[in-house]
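Some notes on the structure that comes next.
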Amino acid sequence: MSMATMNTLTQIFRLVFDDDSLQITPDTTANDVDGWDSLSHVNLITTVEAKFTIRFTQKELLRQRNVGDLIADIERKISA
Amino acid sequence: MTFNSVSYFLFLPAVYLVHLLVPDRWRWLVLLLASYGFYASLKAPYLPAVLLAVTALSYACGLRIASQTDEADRRRWFWSGTIACVAILALLKYLPFLEAQATGFLGLGSALSFTIVSVGVSYFTFQAISYLADIYLEIEEPERHFGRFALYLAFFPKLLQGPIERAGDLLPQLREPFRFDSAAMRAGLLLFARGLFKKVMVADRLAPYADQVYNNAHDYTGLAVMIGTYAYALQIYFDFSGYTDMARGTGRLFGINLTENFNRPYGATSIADFWRRWHISFSRWILDYIFKPLQMAWRNRGQAGTAAALVVTFLVSGIWHGATWGFVIWGLLHGIYLAASTYYRPYQKKAHKWLGIEKSRLLRWWQVFVTFNLVSFAWVFFRAKSLDTACTLVAHLVRGSSADTLRRLLLLSGRDELVVLLLSAGVLTLYERGGLGERLPAYPAYARYVFYWFIVLGILLYGKLFSNSLFLYQAF
């Protein structure tokens, strides 16, 4: 996992969840972040897709369980 | 046979004893045979055959999906299995109904046979679809032992009415060797007794109030309609959560923990909260397999995409309950409630914060009150036999009702019955809401036994036992 991806992703999380001190790790799940519900999840995904200019497949989106899964999918897509 | 029938009270101990006596490697077979026997007792001989067909089909498709390396092939097998399951469900559930409507024989008789012919099918087909989806998404490995997989779909405590179990929750438990555990046995029996208490002491006593109002819609207005509807809201909760307690209690006896289906749903502070607490195994299913894929597919439409996904999801949920306008409107209402809340919720939160009442107890009570009434309003369409009846009742809501009508409605089954009902509901509320259930194991033995005897004697003396009253959700 590259630091650059992690940093960009942290910025996106802070923007989407409106919290400048938010810290994320690969183990972070929706339960750990205040306000991470199905509604804000869509914002998160569309923002990630726009920032990294990628497009997740349905299967990738339904499989993601934590931030680590999200990072793995992002990195596989940008390196492809 | 239903959980509150005499035959179940003979069947369960017999199965338990055989299960206890056979060696571990044959226990799955005992439970599987018992489950098919249980299903066959419904006297619809094709039902076990349908169960076997869905089992064979999803077993084979599951193995196929996992063995393919090409994504397109995996997807093809997933969709073949899913469409076949949906087709079987639709055929059994809606065809007799459509046929009855087309031939003009629509009446109580056809509606009844329609509910009996498909009992259980919607639960095990939903479970089969979730199994295929989880293998396709590579969340789960397929089960290779056919007998154990068959038991995963057929396990009799959850066969007729759920909970709908995810592969990851139930299959690993079926692989574990059985160990006798007196604490689990006691917890299971207590859960079973609590469920029976809910059904025969409360739900079956609430039914006459709802039936009276809903069968004579033209005679009731205003508060009387509300009493009938609240009675139904509570009846369906005590009936369904009572069934689930009995299912989970039975499961515990065999060392199996089934999913909790209810978490004090009428204490919910919003409709979204309600669906996190009501029929949890079903709402998790529709959220994971219908809502999320739709929401993600429509993600570029922003909030409107999410709102549309909610409406469609709950519309499907309505149709799953039955092919009538009442269920469709019930589903649509919940979809609309939820879709609307995605728009106003952020403003509502800001307003509460600005007023400084976000932590106020009064606000919480208000929200519980509003949510309960929104849910009850939707129940009108769910309960009414026809759209006509539902519309009559809704139109009558705004009218007044005489004190005499109200008194006669409340004393419908006599004063004693009303007292037993209120007392039983009060004890259950103390048990669930007051935390008596969690504290009970720590109490001294005499206090526990007073409570146990209260439940057992209550059921024996006042329970509407062996009345062959069906559980409401068997119809779906």
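In the structure tokens, each chain is lettered A, B, ... as it comes, each chain's residues begin at 1, and ligands are numbered from 1 in order of appearance.
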Please find the residues of chain A near chain B - the criterion being any atom within 9 Å, counting only C-alpha atoms - and write them as a VMD selection string.
chain A and resid 38 to 39 42 to 43 45 to 46 58 to 63
Those residues with N, CA and C atoms, as an mmCIF file, in the first residue's frame please?
```
data_model
loop_
_atom_site.group_PDB
_atom_site.id
_atom_site.type_symbol
_atom_site.label_atom_id
_atom_site.label_comp_id
_atom_site.auth_asym_id
_atom_site.auth_seq_id
_atom_site.Cartn_x
_atom_site.Cartn_y
_atom_site.Cartn_z
ATOM 1 N N SER A 38 -25.287 4.278 4.532
ATOM 2 C CA SER A 38 -25.352 3.920 3.110
ATOM 3 C C SER A 38 -25.395 5.161 2.221
ATOM 4 N N LEU A 39 -25.914 6.258 2.771
ATOM 5 C CA LEU A 39 -26.027 7.490 1.988
ATOM 6 C C LEU A 39 -24.650 8.120 1.762
ATOM 7 N N VAL A 42 -22.220 6.250 -0.674
ATOM 8 C CA VAL A 42 -22.287 6.556 -2.110
ATOM 9 C C VAL A 42 -21.426 7.772 -2.425
ATOM 10 N N ASN A 43 -21.507 8.805 -1.569
ATOM 11 C CA ASN A 43 -20.675 9.998 -1.781
ATOM 12 C C ASN A 43 -19.203 9.626 -1.754
ATOM 13 N N ILE A 45 -17.788 6.724 -2.415
ATOM 14 C CA ILE A 45 -17.383 5.949 -3.596
ATOM 15 C C ILE A 45 -17.276 6.844 -4.831
ATOM 16 N N THR A 46 -18.281 7.701 -5.043
ATOM 17 C CA THR A 46 -18.225 8.554 -6.250
ATOM 18 C C THR A 46 -17.061 9.544 -6.162
ATOM 19 N N GLN A 58 -19.558 -3.584 -9.841
ATOM 20 C CA GLN A 58 -20.542 -3.931 -8.794
ATOM 21 C C GLN A 58 -19.925 -4.890 -7.785
ATOM 22 N N LYS A 59 -19.256 -5.918 -8.342
ATOM 23 C CA LYS A 59 -18.728 -6.975 -7.485
ATOM 24 C C LYS A 59 -17.701 -6.417 -6.507
ATOM 25 N N GLU A 60 -16.840 -5.526 -7.010
ATOM 26 C CA GLU A 60 -15.836 -4.927 -6.112
ATOM 27 C C GLU A 60 -16.518 -4.151 -4.992
ATOM 28 N N LEU A 61 -17.541 -3.382 -5.368
ATOM 29 C CA LEU A 61 -18.228 -2.554 -4.369
ATOM 30 C C LEU A 61 -18.939 -3.406 -3.316
ATOM 31 N N LEU A 62 -19.530 -4.526 -3.750
ATOM 32 C CA LEU A 62 -20.274 -5.348 -2.805
ATOM 33 C C LEU A 62 -19.352 -6.186 -1.924
ATOM 34 N N ARG A 63 -18.103 -6.383 -2.389
ATOM 35 C CA ARG A 63 -17.151 -7.182 -1.607
ATOM 36 C C ARG A 63 -16.419 -6.368 -0.545
#
```
Report as number ranges by chain: the residues of region 248-431 of chain B with a DSSP assignment of alpha helix (DSSP H), based on the backbone of this structure.
B: 248-253, 271-277, 280-286, 292-297, 302-321, 325-355, 361-383, 387-397, 403-410, 415-431
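In this model, the gap between CA of Glu143 (chain B) and CA of Val15 (chain B) comes to 24.6 Å.
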Within 8 Å of region 50-56 of chain B, counting only C-alpha atoms, which residues qualify if same-chain residues fewer than 6 places away don't, as a ChimeraX atom specification?
/B:85,121,124-125,128,149-150,153-154
What lies within 9 Å of region 23-37 of chain A using only C-alpha atoms, ignoring chain neighbours under 6 positions off, as JSON, numbers by chain?
{"A": [6, 9, 10, 13, 14, 17, 65, 66, 67, 68, 69, 70, 71]}
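Between CA of Pro157 (chain B) and CA of Val86 (chain B) lies a distance of 23.1 Å.
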Got a sec: who's within 9 Å of Val16 (chain A), counting only C-alpha atoms, leaving out chain neighbours fewer than 3 positions off, as a PyMOL selection string?
chain A and resi 11-13+19+40-41+43-44+47
